[in-house]
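Quick notes on the structure that follows.
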Protein chains: 2
Amino acid sequence: MISGKFAITIHILTLLTKYPNDYLSSEYIAGSINLNPVLVRKEIANLKAHHIVESKEGKNGGTKLAVDPTNLTLKEIFEMTFETINLGYAKNQPNPDCPVGKKINQNLAALYADMNQKVSLQLEGISLEDFSNQF
Amino acid sequence: MISGKFAITIHILTLLTKYPNDYLSSEYIAGSINLNPVLVRKEIANLKAHHIVESKEGKNGGTKLAVDPTNLTLKEIFEMTFETINLGYAKNQPNPDCPVGKKINQNLAALYADMNQKVSLQLEGISLEDFSNQF
DNA sequence: TACATTTGTAACATATTTTATTACAGTATG
DNA sequence: CATACTGTAATAAAATATGTTACAAATGTA
């Protein structure tokens with residue numbers, strides 16, 4: 001659910017990193033992303049479940065970072081919002097009576113696993129702080 | 001169009017590699033992938049446009065490889081079926097009056113470009129022949 | 001206390017993308 | 001000339017993503 005999940009989440013976190021002392025409202029954040037506030041709150045719910053942010057209900061409420069952005073890497077954000085990288089699978093179960101059909105998904109999975117390792121290595125090297133400093 | 005494009009295409013090419021002397025029909029290939037034959041023909045059309053396969057119309061027609069599978073890498077297949085790897089962008093244009101909104105897509109694009117390079121390097125090292133030999 | 005503002009969440013609606021189906025013209029084979 | 005294919009367009013259905021409305025609950029403040 002939500003395919004721009006990673007992009008949206010990193011946008012939220014970048015804003016929170018820029019204003020580490022304020023509780024930002026979902027409405028404000030939504031204005032920067034140009035997205036419905038409810039969807040912002042949904043992504044924030046995910047971040048809360050991972051204890052990356054904390055939020056305060058009621059008037060003047062909102063959300064703020066709960067971790068040090070120098071310690072959070074893009075890899076962790078990736079894993080919270082995107083199971084794995086892959087180039088997809090065919091939708092239907094392939095024919096198990098065909099030698100290729102029988103093993104295709106397994107072989108693709110192995111390929112994709114390698115891919116993830118490479119990508120993870122890259123993302124592990126970038127902290128939220130690093131990313132935010134580009135703005 | 002077609003998100004399982006890479007998976008489907010590589011499935012097709014693996015079959016063609018296994019039977020290098022036969023013209024395989026879209027119906028036969030579709031049976032292994034468990035996919036509608038029209039969709040198989042569409043992917044084959046793409047492969048033909050890249051001169052990877054050739055096909056013969058009419059009775060006993062079908063498709064066969066037009067290249068040496070030791071010379072075709074998964075990177076090339078990836079590029080024919082998947083523009084680039086990325087973790088997505090938010091759907092709407094972000095707010096250009098916000099410093100984060102203004103640069104988010106550009107910064108994500110740079111991140112994704114690095115990712116593609118890593119993935120390309122991996123895929124470049126695997127030939128269609130290598131992949132097919134796993135079956 | 002009463003009011004305004006904000007989160008949290010569910011339910012529903014719309015839009016977009018993917019996959020499937022039908023149909024049929026054109027081409028080769030026997 | 002009947003049969004079995006490709007090629008392709010048009011349309012339908014299904015799946016996924018995004019957007020909207022609504023409202024209870026929480027919290028600050030007049």
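Convention: chains lettered A, B, ... in structure tokens order; per-chain residue numbering from 1; ligands numbered from 1 as shown.
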
Please report as a CSV table (one decimal) with N, CA, C and O atoms, in the first residue's frame which residues of chain A come no farther than 12 Å from chain D, using only C-alpha atoms (C1' of nucleotides).
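Result file part.csv:
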```
chain,number,residue,atom,x,y,z
A,1,MET,N,0.8,-1.2,0.0
A,1,MET,CA,0.0,0.0,0.0
A,1,MET,C,0.9,1.3,0.0
A,1,MET,O,1.7,1.5,0.9
A,2,ILE,N,0.7,2.1,-1.0
A,2,ILE,CA,1.4,3.3,-1.2
A,2,ILE,C,2.8,2.9,-1.9
A,2,ILE,O,3.6,2.3,-1.3
A,3,SER,N,2.9,3.3,-3.1
A,3,SER,CA,4.1,2.9,-3.8
A,3,SER,C,5.1,4.0,-3.8
A,3,SER,O,6.3,3.8,-3.9
A,4,GLY,N,4.7,5.2,-3.5
A,4,GLY,CA,5.6,6.3,-3.3
A,4,GLY,C,6.0,6.4,-1.8
A,4,GLY,O,6.5,7.4,-1.3
A,5,LYS,N,5.8,5.3,-1.1
A,5,LYS,CA,6.0,5.1,0.3
A,5,LYS,C,7.4,5.6,0.7
A,5,LYS,O,7.6,6.4,1.6
A,34,ASN,N,2.5,17.9,-1.1
A,34,ASN,CA,1.4,18.0,-2.0
A,34,ASN,C,0.6,16.7,-2.1
A,34,ASN,O,0.4,16.1,-3.1
A,35,LEU,N,0.2,16.3,-0.9
A,35,LEU,CA,-0.4,15.0,-0.7
A,35,LEU,C,-1.5,15.2,0.4
A,35,LEU,O,-1.5,16.1,1.2
A,36,ASN,N,-2.4,14.3,0.3
A,36,ASN,CA,-3.5,14.3,1.3
A,36,ASN,C,-3.0,14.1,2.7
A,36,ASN,O,-2.2,13.1,3.0
A,37,PRO,N,-3.4,14.9,3.7
A,37,PRO,CA,-2.9,14.8,5.1
A,37,PRO,C,-3.1,13.4,5.7
A,37,PRO,O,-2.3,12.9,6.5
A,38,VAL,N,-4.2,12.8,5.3
A,38,VAL,CA,-4.5,11.4,5.8
A,38,VAL,C,-3.4,10.5,5.4
A,38,VAL,O,-3.0,9.6,6.2
A,39,LEU,N,-2.9,10.6,4.2
A,39,LEU,CA,-1.9,9.7,3.8
A,39,LEU,C,-0.6,10.0,4.5
A,39,LEU,O,0.2,9.1,4.8
A,40,VAL,N,-0.3,11.2,4.8
A,40,VAL,CA,0.8,11.6,5.6
A,40,VAL,C,0.7,10.9,7.0
A,40,VAL,O,1.6,10.3,7.5
A,55,SER,N,4.5,11.5,18.2
A,55,SER,CA,3.6,12.6,17.9
A,55,SER,C,2.7,12.9,19.1
A,55,SER,O,2.6,12.1,20.0
A,56,LYS,N,2.2,14.1,19.0
A,56,LYS,CA,1.4,14.6,20.1
A,56,LYS,C,0.0,15.0,19.5
A,56,LYS,O,-0.1,15.7,18.5
A,57,GLU,N,-1.0,14.5,20.1
A,57,GLU,CA,-2.4,14.8,19.7
A,57,GLU,C,-2.8,16.1,20.2
A,57,GLU,O,-2.2,16.7,21.0
A,58,GLY,N,-4.0,16.6,19.7
A,58,GLY,CA,-4.6,17.8,20.2
A,58,GLY,C,-4.0,19.0,19.6
A,58,GLY,O,-3.1,19.0,18.8
A,59,LYS,N,-4.5,20.1,20.1
A,59,LYS,CA,-4.1,21.4,19.6
A,59,LYS,C,-2.6,21.6,19.7
A,59,LYS,O,-2.0,21.2,20.7
A,60,ASN,N,-2.0,22.3,18.7
A,60,ASN,CA,-0.6,22.4,18.6
A,60,ASN,C,0.2,21.1,18.5
A,60,ASN,O,1.4,21.1,18.8
A,61,GLY,N,-0.5,20.1,18.3
A,61,GLY,CA,0.1,18.8,18.2
A,61,GLY,C,0.8,18.6,16.9
A,61,GLY,O,0.9,19.6,16.1
A,62,GLY,N,1.3,17.4,16.6
A,62,GLY,CA,2.1,17.2,15.4
A,62,GLY,C,3.1,16.1,15.7
A,62,GLY,O,3.0,15.3,16.6
A,91,LYS,N,2.7,-12.6,-12.6
A,91,LYS,CA,1.6,-12.6,-11.7
A,91,LYS,C,1.1,-14.0,-11.3
A,91,LYS,O,0.9,-14.3,-10.1
```

Inset, instruction - Among the residues of chain A, find those DSSP assigns to strand (DSSP E) from the backbone and print them as a PyMOL selection string. - result: chain A and resi 53-56+62-65

Return as a PDB file with N, CA and C atoms (P, O5', C5', C4', C3', O3' and C1' of nucleotides), in the first residue's frame the residues belonging to chain C that are within 7 Å of chain B, counting only C-alpha atoms (C1' of nucleotides).
```
ATOM      1  P    DT C  18       2.221  -0.473 -14.240  1.00  0.00           P
ATOM      2  O5'  DT C  18       1.767  -1.987 -13.912  1.00  0.00           O
ATOM      3  C5'  DT C  18       0.483  -2.183 -13.685  1.00  0.00           C
ATOM      4  C4'  DT C  18       0.044  -3.600 -13.555  1.00  0.00           C
ATOM      5  C3'  DT C  18       0.622  -4.600 -14.555  1.00  0.00           C
ATOM      6  O3'  DT C  18       0.731  -5.845 -13.867  1.00  0.00           O
ATOM      7  C1'  DT C  18      -1.712  -4.274 -14.942  1.00  0.00           C
ATOM      8  P    DA C  20      -2.789 -12.307 -16.527  1.00  0.00           P
ATOM      9  O5'  DA C  20      -4.151 -11.977 -17.275  1.00  0.00           O
ATOM     10  C5'  DA C  20      -5.343 -11.817 -16.516  1.00  0.00           C
ATOM     11  C4'  DA C  20      -6.536 -11.779 -17.475  1.00  0.00           C
ATOM     12  C3'  DA C  20      -6.517 -12.870 -18.537  1.00  0.00           C
ATOM     13  O3'  DA C  20      -7.774 -13.531 -18.445  1.00  0.00           O
ATOM     14  C1'  DA C  20      -6.861 -10.738 -19.538  1.00  0.00           C
ATOM     15  P    DT C  27       0.603 -10.290 -45.483  1.00  0.00           P
ATOM     16  O5'  DT C  27       1.152 -11.661 -44.881  1.00  0.00           O
ATOM     17  C5'  DT C  27       1.985 -11.625 -43.723  1.00  0.00           C
ATOM     18  C4'  DT C  27       2.367 -13.045 -43.383  1.00  0.00           C
ATOM     19  C3'  DT C  27       2.855 -13.859 -44.587  1.00  0.00           C
ATOM     20  O3'  DT C  27       4.000 -14.583 -44.169  1.00  0.00           O
ATOM     21  C1'  DT C  27       1.166 -15.025 -43.472  1.00  0.00           C
ATOM     22  P    DA C  28       5.159 -14.908 -45.236  1.00  0.00           P
ATOM     23  O5'  DA C  28       5.195 -16.501 -45.161  1.00  0.00           O
ATOM     24  C5'  DA C  28       5.918 -17.082 -44.109  1.00  0.00           C
ATOM     25  C4'  DA C  28       5.223 -18.355 -43.715  1.00  0.00           C
ATOM     26  C3'  DA C  28       5.555 -19.541 -44.618  1.00  0.00           C
ATOM     27  O3'  DA C  28       6.261 -20.439 -43.804  1.00  0.00           O
ATOM     28  C1'  DA C  28       3.241 -19.452 -44.058  1.00  0.00           C
ATOM     29  P    DT C  29       7.071 -21.606 -44.467  1.00  0.00           P
ATOM     30  O5'  DT C  29       6.057 -22.835 -44.336  1.00  0.00           O
ATOM     31  C5'  DT C  29       5.641 -23.237 -43.038  1.00  0.00           C
ATOM     32  C4'  DT C  29       4.592 -24.302 -43.192  1.00  0.00           C
ATOM     33  C3'  DT C  29       4.945 -25.372 -44.219  1.00  0.00           C
ATOM     34  O3'  DT C  29       5.100 -26.586 -43.508  1.00  0.00           O
ATOM     35  C1'  DT C  29       2.675 -24.657 -44.410  1.00  0.00           C
TER      36       DT C  29
END
```

Legend entry - d(atom CA of B:Asn86, atom CA of B:Tyr112) in Å: 5.3 Å

Output the contact residues of chain B with respect to chain A at a cut-off of 7 Å, based on only C-alpha atoms, as an mmCIF file with N, CA, C and O atoms, in the first residue's frame.
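What ended up in out11.cif:
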```cif
data_model
loop_
_atom_site.group_PDB
_atom_site.id
_atom_site.type_symbol
_atom_site.label_atom_id
_atom_site.label_comp_id
_atom_site.auth_asym_id
_atom_site.auth_seq_id
_atom_site.Cartn_x
_atom_site.Cartn_y
_atom_site.Cartn_z
ATOM 1 N N SER B 3 4.229 -5.001 -15.370
ATOM 2 C CA SER B 3 5.179 -4.797 -14.297
ATOM 3 C C SER B 3 6.021 -6.045 -14.086
ATOM 4 O O SER B 3 7.131 -6.007 -13.593
ATOM 5 N N GLY B 4 5.470 -7.184 -14.515
ATOM 6 C CA GLY B 4 6.251 -8.403 -14.477
ATOM 7 C C GLY B 4 7.072 -8.552 -15.762
ATOM 8 O O GLY B 4 7.514 -9.644 -16.086
ATOM 9 N N PHE B 6 10.122 -7.770 -16.774
ATOM 10 C CA PHE B 6 11.449 -8.376 -16.712
ATOM 11 C C PHE B 6 11.337 -9.880 -16.499
ATOM 12 O O PHE B 6 11.935 -10.666 -17.228
ATOM 13 N N ALA B 7 10.533 -10.266 -15.524
ATOM 14 C CA ALA B 7 10.372 -11.677 -15.200
ATOM 15 C C ALA B 7 9.833 -12.462 -16.398
ATOM 16 O O ALA B 7 10.304 -13.554 -16.713
ATOM 17 N N ILE B 8 8.864 -11.889 -17.065
ATOM 18 C CA ILE B 8 8.256 -12.558 -18.212
ATOM 19 C C ILE B 8 9.273 -12.669 -19.349
ATOM 20 O O ILE B 8 9.425 -13.724 -19.966
ATOM 21 N N HIS B 11 11.889 -15.187 -18.666
ATOM 22 C CA HIS B 11 11.298 -16.525 -18.772
ATOM 23 C C HIS B 11 11.253 -16.941 -20.253
ATOM 24 O O HIS B 11 11.666 -18.043 -20.617
ATOM 25 N N LEU B 15 13.477 -20.043 -22.059
ATOM 26 C CA LEU B 15 12.891 -21.115 -22.865
ATOM 27 C C LEU B 15 13.546 -21.166 -24.242
ATOM 28 O O LEU B 15 13.910 -22.240 -24.735
ATOM 29 N N GLY B 31 1.972 -21.132 -21.900
ATOM 30 C CA GLY B 31 1.648 -22.268 -21.042
ATOM 31 C C GLY B 31 2.661 -22.455 -19.932
ATOM 32 O O GLY B 31 2.323 -22.855 -18.824
ATOM 33 N N SER B 32 3.911 -22.144 -20.212
ATOM 34 C CA SER B 32 4.934 -22.285 -19.181
ATOM 35 C C SER B 32 4.865 -21.147 -18.163
ATOM 36 O O SER B 32 5.054 -21.338 -16.971
ATOM 37 N N ILE B 33 4.570 -19.947 -18.673
ATOM 38 C CA ILE B 33 4.505 -18.786 -17.769
ATOM 39 C C ILE B 33 3.153 -18.723 -17.066
ATOM 40 O O ILE B 33 3.020 -18.146 -16.001
ATOM 41 N N ASN B 34 2.161 -19.352 -17.702
ATOM 42 C CA ASN B 34 0.783 -19.277 -17.234
ATOM 43 C C ASN B 34 0.281 -17.838 -17.397
ATOM 44 O O ASN B 34 -0.095 -17.167 -16.439
ATOM 45 N N LEU B 35 0.348 -17.417 -18.620
ATOM 46 C CA LEU B 35 0.029 -16.034 -18.963
ATOM 47 C C LEU B 35 -0.713 -16.047 -20.294
ATOM 48 O O LEU B 35 -0.582 -16.960 -21.084
ATOM 49 N N LEU B 87 13.072 3.678 -6.007
ATOM 50 C CA LEU B 87 12.176 3.409 -4.886
ATOM 51 C C LEU B 87 10.964 4.327 -4.951
ATOM 52 O O LEU B 87 10.284 4.527 -3.971
ATOM 53 N N GLY B 88 10.727 4.885 -6.137
ATOM 54 C CA GLY B 88 9.516 5.662 -6.343
ATOM 55 C C GLY B 88 9.614 7.136 -5.991
ATOM 56 O O GLY B 88 10.538 7.578 -5.304
ATOM 57 N N TYR B 89 8.644 7.858 -6.502
ATOM 58 C CA TYR B 89 8.503 9.278 -6.229
ATOM 59 C C TYR B 89 7.074 9.499 -5.760
ATOM 60 O O TYR B 89 6.188 8.722 -6.110
ATOM 61 N N ALA B 90 6.855 10.544 -4.998
ATOM 62 C CA ALA B 90 5.475 10.878 -4.650
ATOM 63 C C ALA B 90 4.779 11.280 -5.945
ATOM 64 O O ALA B 90 5.400 11.819 -6.863
ATOM 65 N N LYS B 91 3.510 10.990 -6.017
ATOM 66 C CA LYS B 91 2.786 11.172 -7.262
ATOM 67 C C LYS B 91 2.697 12.632 -7.702
ATOM 68 O O LYS B 91 2.844 12.944 -8.875
ATOM 69 N N ASN B 92 2.428 13.499 -6.770
ATOM 70 C CA ASN B 92 2.196 14.895 -7.134
ATOM 71 C C ASN B 92 3.474 15.726 -7.053
ATOM 72 O O ASN B 92 4.381 15.418 -6.304
ATOM 73 N N GLN B 93 3.475 16.768 -7.823
ATOM 74 C CA GLN B 93 4.548 17.751 -7.796
ATOM 75 C C GLN B 93 4.648 18.342 -6.387
ATOM 76 O O GLN B 93 3.693 18.909 -5.885
ATOM 77 N N PRO B 94 5.799 18.206 -5.753
ATOM 78 C CA PRO B 94 5.906 18.779 -4.402
ATOM 79 C C PRO B 94 5.932 20.300 -4.446
ATOM 80 O O PRO B 94 6.152 20.906 -5.500
ATOM 81 N N ASN B 95 5.713 20.882 -3.309
ATOM 82 C CA ASN B 95 5.625 22.340 -3.184
ATOM 83 C C ASN B 95 6.965 23.020 -3.479
ATOM 84 O O ASN B 95 7.927 22.865 -2.728
ATOM 85 N N CYS B 98 8.831 25.277 -0.827
ATOM 86 C CA CYS B 98 9.438 24.687 0.365
ATOM 87 C C CYS B 98 10.817 24.197 -0.043
ATOM 88 O O CYS B 98 10.969 23.554 -1.083
ATOM 89 N N PRO B 99 11.836 24.500 0.746
ATOM 90 C CA PRO B 99 13.191 24.097 0.360
ATOM 91 C C PRO B 99 13.312 22.590 0.159
ATOM 92 O O PRO B 99 14.054 22.139 -0.706
ATOM 93 N N VAL B 100 12.573 21.850 0.937
ATOM 94 C CA VAL B 100 12.627 20.393 0.781
ATOM 95 C C VAL B 100 11.844 19.973 -0.462
ATOM 96 O O VAL B 100 12.346 19.229 -1.307
ATOM 97 N N GLY B 101 10.627 20.478 -0.564
ATOM 98 C CA GLY B 101 9.806 20.162 -1.736
ATOM 99 C C GLY B 101 10.514 20.491 -3.043
ATOM 100 O O GLY B 101 10.460 19.735 -4.016
ATOM 101 N N LYS B 103 13.647 20.444 -3.822
ATOM 102 C CA LYS B 103 14.776 19.621 -4.247
ATOM 103 C C LYS B 103 14.606 18.125 -4.037
ATOM 104 O O LYS B 103 15.496 17.352 -4.403
ATOM 105 N N ILE B 104 13.515 17.725 -3.451
ATOM 106 C CA ILE B 104 13.393 16.308 -3.085
ATOM 107 C C ILE B 104 13.546 15.375 -4.277
ATOM 108 O O ILE B 104 14.281 14.388 -4.225
ATOM 109 N N MET B 115 22.045 3.800 -7.374
ATOM 110 C CA MET B 115 21.497 2.471 -7.202
ATOM 111 C C MET B 115 21.537 1.689 -8.508
ATOM 112 O O MET B 115 21.907 0.524 -8.554
ATOM 113 N N LYS B 118 24.961 0.366 -9.371
ATOM 114 C CA LYS B 118 25.315 -0.834 -8.619
ATOM 115 C C LYS B 118 24.620 -2.060 -9.203
ATOM 116 O O LYS B 118 25.213 -3.114 -9.399
ATOM 117 N N VAL B 119 23.354 -1.909 -9.474
ATOM 118 C CA VAL B 119 22.575 -3.025 -9.996
ATOM 119 C C VAL B 119 23.059 -3.403 -11.401
ATOM 120 O O VAL B 119 23.199 -4.581 -11.727
ATOM 121 N N PHE B 135 18.844 -23.984 -14.775
ATOM 122 C CA PHE B 135 17.617 -24.805 -14.850
ATOM 123 C C PHE B 135 17.944 -26.241 -15.245
ATOM 124 O O PHE B 135 18.948 -26.491 -15.873
#
```

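Going from atom CA of B:Leu72 to atom CA of B:Arg41 covers 20.5 Å.
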
Inset, instruction - Could you please write out, as a ChimeraX atom specification, every residue of chain A that DSSP assigns to alpha helix (DSSP H)? - result: /A:5-18,26-33,37-49,74-81,99-124,128-132

Legend entry - Distance criterion (only C-alpha atoms): nearest to A:Ser25 out of A:Val67, A:Ile44, A:Leu128, A:Ala110: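 So, comparing all the options, the nearest one is A:Ile44.
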
Inset, instruction - Have a look at atom CA of B:Thr70 and atom CA of B:Tyr19 and let me know their distance in Å, one decimal. - result: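 Atom CA of B:Tyr19 lies 14.7 Å from atom CA of B:Thr70.
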
Give me the residues near B:Leu47 as a PDB file with N, CA and C atoms, in the first residue's frame, where near means some atom within 9 Å (using only C-alpha atoms (C1' of nucleotides)) and where sequence neighbours in that chain fewer than 6 positions away do not count.
```pdb
ATOM      1  N   THR B   9       9.961 -11.579 -19.589  1.00  0.00           N
ATOM      2  CA  THR B   9      10.934 -11.577 -20.684  1.00  0.00           C
ATOM      3  C   THR B   9      12.053 -12.568 -20.444  1.00  0.00           C
ATOM      4  N   VAL B  53      15.362 -11.563 -30.756  1.00  0.00           N
ATOM      5  CA  VAL B  53      14.717 -12.773 -31.262  1.00  0.00           C
ATOM      6  C   VAL B  53      14.191 -12.491 -32.666  1.00  0.00           C
ATOM      7  N   GLU B  54      13.892 -13.569 -33.346  1.00  0.00           N
ATOM      8  CA  GLU B  54      13.241 -13.412 -34.643  1.00  0.00           C
ATOM      9  C   GLU B  54      12.023 -14.320 -34.619  1.00  0.00           C
ATOM     10  N   ILE B  77      18.863  -7.056 -20.805  1.00  0.00           N
ATOM     11  CA  ILE B  77      17.459  -7.457 -20.684  1.00  0.00           C
ATOM     12  C   ILE B  77      16.744  -6.504 -19.736  1.00  0.00           C
ATOM     13  N   MET B  80      15.921  -3.323 -21.421  1.00  0.00           N
ATOM     14  CA  MET B  80      14.852  -3.419 -22.415  1.00  0.00           C
ATOM     15  C   MET B  80      13.480  -3.465 -21.780  1.00  0.00           C
TER      16      MET B  80
END
```
